[in-house]
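Step one of this worksheet: look at the structure below.
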Amino acid sequence: MKNLKAILIVILVATLQINAQDTAPITENTKKEWFESFKIRGYAQVRYNGLFQTNPDLGCEQCDKSWGGDSQFFFRRIRLVFYGQIHPRIYFYIQPDFANATGGNQQFGQIRDAYFDVGLDPKNEFRFRIGQSKVPFGFENMQSSQNRLPLDRNDGLNSAVKNERDLGIFFYWAPEEIRKRFSMLTREGYKGTGDYGVFGLGVYNGQTANVADLNNKKHVVARLTYPFKMGSQIFEPGIQAYTGQHTIDPDDISDGVQTTDDNTYIDQRLGFTAVLYPKPFGFQAEYNFGRGPEFNKETQAISVEKLHGGYLLLNAKCSIKNQLIYPFTRIQYYNGGKKHELDARSYEVKELELGVEWQPYKNFEIVAMYTFSDRTYEDFINQDNNQKGSLLRLQFQVNF
């Protein structure tokens with residue numbers, strides 16, 4: 001708690017250093033109307049996973065709940081984004097998603113992002129992000145689902161933070177030139193992450209988005225990345241790590257499973273990233289190591305176990321007149337627990353995906369992806385559960 005208090009004091013002092021010229025009253029000549037202070041954009045995704053499905057029992061709870069079973073057309077995301085620079089040093093961003101489901105009910109709203117950035121210098125090269133936002137761990141986790149090529153994030157790094165988000169305070173730094181480069185890599189279709197700084201440092205609850213903190217013990221995360229120019233190419237290496245203690249909700253523990261007295265476990269990871277942007281050919285590679293809660297069927301208990309996993313993605317960007325085509329393939333592996341699932345479910349994932357994204361127009365795109373999957377996922381109820389299969393998955397996306 002002493003470290004947390006010290007961090008909060010530094011944040012308060014830094015924020016108070018905003019120049020007086022930036023806080024001067026807005027005159028009648030410079031005052032903007034309310035509708036000139038922010039913008040609205042969004043996207044929606046419809047999926048169908050039922051083509052050539054060989055095993056209806058094969059699924060991925062953290063990926064896409066429409067996997068397996070009786071296939072159906074499915075809204076994966078329906079998102080609106082409200083954002084704007086409401087002051088030279090204040091930026092806000094609110095993103096609800098209307099494609100959530102609980103039980104048999106679908107399409108209800110839930111907050112994904114709700115934060116504001118406070119700049120500490122005139123160029124906002126140093127800034128604090130306060131609220132619910134993405135935890136800076138992993139390149140693919142930082143990518144928007146609007147831009148990412150594979151339909152779901154890889155198990156290896158995405159298992160670190162369900163929905164990629166949590167509530168906390170994050171510090172970001174990047175030179176003005178590199179902030180513009182981050183923006184260009186997204187704007188011009190190179191599948192970037194957007195601007196999460198060259199360096200990021202944060203303190204967050206550690207229970208994931210829209211979930212109350214259960215232990216009053218904060219997670220700490222740090223990330224360092226830099227997009228280098230190499231002739232006509234851009235190469236971005238990165239490293240990230242976090243540490244904390246995760247408490248499993250009692251409702252997510254089966255009767256008969258042994259746990260610690262307070263259901264709290266060490267949760268630590270270290271990850272490495274290497275990205276060559278598709279100009280026209282590129283790749284993404286990420287791997288992480290760590291330890292965290294995992295169900296052990298030998299002891300019938302949830303215990304702290306080692307974990308590791310990652311992926312390699314090869315991609316290309318092809319332009320035909322005004323249309324864009326992105327062929328890609330990804331292979332991934334993960335061995336470890338998923339702390340967000342029932343009994344911190346134990347996983348071993350081996351998967352190959354072959355796909356293509358086609359953008360006939362800027363506002364519409366189609367992804368077709370064939371998946372070959374071998375997944376072992378075990379909890380107290382399903383202790384010998386290995387599922388293998390393949391299927392063709394389709395996604396239709398509109399951008400507005």
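Residues in the structure tokens are named by chain (A, B, ... in the order shown) and by number from 1 within that chain; ligands are numbered from 1 in the order shown.
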
Region 172-281 of chain A residues near region 124-148 of chain A within 10 Å, closest pair each, using only C-alpha atoms, as JSON lines:
{"residue": "A:Tyr172", "atom": "CA", "partner": "A:Arg127", "partner_atom": "CA", "distance": 5.5}
{"residue": "A:Trp173", "atom": "CA", "partner": "A:Phe126", "partner_atom": "CA", "distance": 4.7}
{"residue": "A:Ala174", "atom": "CA", "partner": "A:Glu125", "partner_atom": "CA", "distance": 5.3}
{"residue": "A:Pro175", "atom": "CA", "partner": "A:Glu125", "partner_atom": "CA", "distance": 5.5}
{"residue": "A:Glu176", "atom": "CA", "partner": "A:Glu125", "partner_atom": "CA", "distance": 6.1}
{"residue": "A:Glu177", "atom": "CA", "partner": "A:Glu125", "partner_atom": "CA", "distance": 9.6}
{"residue": "A:Ile178", "atom": "CA", "partner": "A:Glu125", "partner_atom": "CA", "distance": 9.6}
{"residue": "A:Arg179", "atom": "CA", "partner": "A:Glu125", "partner_atom": "CA", "distance": 8.0}
{"residue": "A:Thr186", "atom": "CA", "partner": "A:Asn147", "partner_atom": "CA", "distance": 7.8}
{"residue": "A:Arg187", "atom": "CA", "partner": "A:Asn147", "partner_atom": "CA", "distance": 9.9}
{"residue": "A:Gly189", "atom": "CA", "partner": "A:Asn147", "partner_atom": "CA", "distance": 8.0}
{"residue": "A:Tyr190", "atom": "CA", "partner": "A:Asn147", "partner_atom": "CA", "distance": 8.7}
{"residue": "A:Lys191", "atom": "CA", "partner": "A:Asn147", "partner_atom": "CA", "distance": 5.6}
{"residue": "A:Gly192", "atom": "CA", "partner": "A:Gln143", "partner_atom": "CA", "distance": 6.5}
{"residue": "A:Thr193", "atom": "CA", "partner": "A:Gln143", "partner_atom": "CA", "distance": 4.2}
{"residue": "A:Gly194", "atom": "CA", "partner": "A:Gln143", "partner_atom": "CA", "distance": 7.2}
{"residue": "A:Asp195", "atom": "CA", "partner": "A:Met142", "partner_atom": "CA", "distance": 9.2}
{"residue": "A:Tyr196", "atom": "CA", "partner": "A:Pro136", "partner_atom": "CA", "distance": 7.2}
{"residue": "A:Gly197", "atom": "CA", "partner": "A:Glu125", "partner_atom": "CA", "distance": 8.5}
{"residue": "A:Val198", "atom": "CA", "partner": "A:Glu125", "partner_atom": "CA", "distance": 9.9}
{"residue": "A:Phe199", "atom": "CA", "partner": "A:Pro136", "partner_atom": "CA", "distance": 9.5}
{"residue": "A:Gly200", "atom": "CA", "partner": "A:Pro136", "partner_atom": "CA", "distance": 6.9}
{"residue": "A:Leu201", "atom": "CA", "partner": "A:Pro136", "partner_atom": "CA", "distance": 8.0}
{"residue": "A:Gly202", "atom": "CA", "partner": "A:Val135", "partner_atom": "CA", "distance": 7.9}
{"residue": "A:Val203", "atom": "CA", "partner": "A:Val135", "partner_atom": "CA", "distance": 9.2}
{"residue": "A:Tyr204", "atom": "CA", "partner": "A:Val135", "partner_atom": "CA", "distance": 8.1}
{"residue": "A:Gly206", "atom": "CA", "partner": "A:Val135", "partner_atom": "CA", "distance": 9.6}
{"residue": "A:Thr208", "atom": "CA", "partner": "A:Val135", "partner_atom": "CA", "distance": 9.2}
{"residue": "A:Ala209", "atom": "CA", "partner": "A:Gln132", "partner_atom": "CA", "distance": 7.0}
{"residue": "A:Asn210", "atom": "CA", "partner": "A:Gln132", "partner_atom": "CA", "distance": 8.5}
{"residue": "A:Val220", "atom": "CA", "partner": "A:Val135", "partner_atom": "CA", "distance": 9.8}
{"residue": "A:Val221", "atom": "CA", "partner": "A:Pro136", "partner_atom": "CA", "distance": 7.1}
{"residue": "A:Ala222", "atom": "CA", "partner": "A:Pro136", "partner_atom": "CA", "distance": 7.1}
{"residue": "A:Arg223", "atom": "CA", "partner": "A:Pro136", "partner_atom": "CA", "distance": 6.3}
{"residue": "A:Leu224", "atom": "CA", "partner": "A:Pro136", "partner_atom": "CA", "distance": 9.3}
{"residue": "A:Thr225", "atom": "CA", "partner": "A:Phe139", "partner_atom": "CA", "distance": 9.3}
{"residue": "A:Glu236", "atom": "CA", "partner": "A:Phe139", "partner_atom": "CA", "distance": 9.7}
{"residue": "A:Pro237", "atom": "CA", "partner": "A:Phe139", "partner_atom": "CA", "distance": 9.6}
{"residue": "A:Gly238", "atom": "CA", "partner": "A:Phe139", "partner_atom": "CA", "distance": 8.2}
{"residue": "A:Ile239", "atom": "CA", "partner": "A:Gly138", "partner_atom": "CA", "distance": 8.1}
{"residue": "A:Gln240", "atom": "CA", "partner": "A:Phe137", "partner_atom": "CA", "distance": 5.8}
{"residue": "A:Ala241", "atom": "CA", "partner": "A:Phe137", "partner_atom": "CA", "distance": 6.9}
{"residue": "A:Tyr242", "atom": "CA", "partner": "A:Phe137", "partner_atom": "CA", "distance": 7.8}
{"residue": "A:Arg269", "atom": "CA", "partner": "A:Phe137", "partner_atom": "CA", "distance": 9.3}
{"residue": "A:Leu270", "atom": "CA", "partner": "A:Phe137", "partner_atom": "CA", "distance": 9.0}
{"residue": "A:Gly271", "atom": "CA", "partner": "A:Gly138", "partner_atom": "CA", "distance": 7.1}
{"residue": "A:Phe272", "atom": "CA", "partner": "A:Gly138", "partner_atom": "CA", "distance": 7.8}
{"residue": "A:Thr273", "atom": "CA", "partner": "A:Phe139", "partner_atom": "CA", "distance": 6.8}
{"residue": "A:Ala274", "atom": "CA", "partner": "A:Phe139", "partner_atom": "CA", "distance": 8.7}
{"residue": "A:Val275", "atom": "CA", "partner": "A:Phe139", "partner_atom": "CA", "distance": 8.4}

Within 10 Å of Tyr333 (chain A) using only C-alpha atoms, minus same-chain residues under 2 positions, as a PyMOL selection string:
chain A and resi 154-156+287+308-312+331+335+347-352+374-375

Only N, CA, C and O atoms, please: the residues just picked out, written as a short mmCIF file (atom, residue, chain, number, x, y, z; two decimals), in the first residue's frame.
data_model
loop_
_atom_site.label_atom_id
_atom_site.label_comp_id
_atom_site.auth_asym_id
_atom_site.auth_seq_id
_atom_site.Cartn_x
_atom_site.Cartn_y
_atom_site.Cartn_z
N ASN A 154 -5.23 -14.50 -29.28
CA ASN A 154 -4.57 -15.74 -28.91
C ASN A 154 -4.77 -16.05 -27.42
O ASN A 154 -4.86 -15.16 -26.59
N ASP A 155 -4.85 -17.34 -27.10
CA ASP A 155 -5.07 -17.76 -25.72
C ASP A 155 -3.89 -17.40 -24.82
O ASP A 155 -4.08 -17.07 -23.64
N GLY A 156 -2.67 -17.49 -25.34
CA GLY A 156 -1.48 -17.32 -24.52
C GLY A 156 -1.42 -16.01 -23.77
O GLY A 156 -1.17 -15.98 -22.56
N TYR A 287 5.19 -14.07 -27.09
CA TYR A 287 5.25 -15.21 -26.18
C TYR A 287 5.35 -14.66 -24.77
O TYR A 287 5.97 -13.62 -24.54
N HIS A 308 2.83 -20.84 -19.96
CA HIS A 308 3.57 -20.23 -21.06
C HIS A 308 2.77 -20.42 -22.34
O HIS A 308 1.97 -21.35 -22.47
N GLY A 309 3.00 -19.52 -23.29
CA GLY A 309 2.31 -19.64 -24.57
C GLY A 309 2.43 -18.38 -25.40
O GLY A 309 2.83 -17.32 -24.91
N GLY A 310 2.08 -18.51 -26.66
CA GLY A 310 2.12 -17.38 -27.58
C GLY A 310 1.71 -17.79 -28.97
O GLY A 310 1.06 -18.82 -29.17
N TYR A 311 2.13 -17.00 -29.98
CA TYR A 311 1.69 -17.24 -31.36
C TYR A 311 2.67 -16.63 -32.34
O TYR A 311 3.48 -15.76 -32.01
N LEU A 312 2.55 -17.08 -33.57
CA LEU A 312 3.24 -16.48 -34.71
C LEU A 312 2.22 -16.27 -35.81
O LEU A 312 1.50 -17.20 -36.18
N ILE A 331 -0.36 -19.57 -36.03
CA ILE A 331 -0.23 -20.78 -35.24
C ILE A 331 -0.03 -20.36 -33.79
O ILE A 331 0.71 -19.40 -33.52
N ASN A 335 -0.15 -23.33 -22.66
CA ASN A 335 -0.22 -24.33 -21.61
C ASN A 335 -0.28 -23.60 -20.27
O ASN A 335 0.70 -22.97 -19.86
N TYR A 347 -5.59 -25.51 -19.29
CA TYR A 347 -5.62 -25.54 -20.76
C TYR A 347 -4.31 -26.03 -21.36
O TYR A 347 -3.22 -25.76 -20.85
N GLU A 348 -4.45 -26.74 -22.47
CA GLU A 348 -3.36 -26.91 -23.42
C GLU A 348 -3.97 -26.72 -24.80
O GLU A 348 -4.88 -27.46 -25.20
N VAL A 349 -3.51 -25.70 -25.52
CA VAL A 349 -4.10 -25.29 -26.80
C VAL A 349 -3.07 -25.41 -27.91
O VAL A 349 -1.95 -24.90 -27.78
N LYS A 350 -3.45 -26.08 -29.00
CA LYS A 350 -2.65 -26.14 -30.22
C LYS A 350 -3.59 -25.79 -31.37
O LYS A 350 -4.59 -26.48 -31.56
N GLU A 351 -3.25 -24.74 -32.11
CA GLU A 351 -4.23 -24.26 -33.10
C GLU A 351 -3.54 -23.66 -34.31
O GLU A 351 -2.52 -22.97 -34.20
N LEU A 352 -4.12 -23.92 -35.48
CA LEU A 352 -3.66 -23.34 -36.74
C LEU A 352 -4.85 -22.68 -37.41
O LEU A 352 -5.93 -23.28 -37.51
N ASP A 374 -6.92 -28.15 -31.50
CA ASP A 374 -6.76 -29.27 -30.56
C ASP A 374 -6.67 -28.64 -29.17
O ASP A 374 -5.65 -28.08 -28.79
N ARG A 375 -7.77 -28.74 -28.42
CA ARG A 375 -7.86 -28.07 -27.13
C ARG A 375 -8.16 -29.07 -26.01
O ARG A 375 -9.13 -29.81 -26.09
#

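For the atom pair formed by CA of Glu61 (chain A) and CA of Tyr48 (chain A), the distance is 16.0 Å, given to one decimal.
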
Can you tell me, as a ChimeraX atom specification, what residues are no more than 9 Å from Pro293 (chain A) when counting only C-alpha atoms, ignoring any on the same chain fewer than 6 positions away?
/A:246,248,264-267,302-306,336-339,343-345

Region 316-373 of chain A: residues DSSP assigns to strand (DSSP E or B), reported as a PyMOL selection string:
chain A and resi 316+318-320+323-337+346-361+364-373
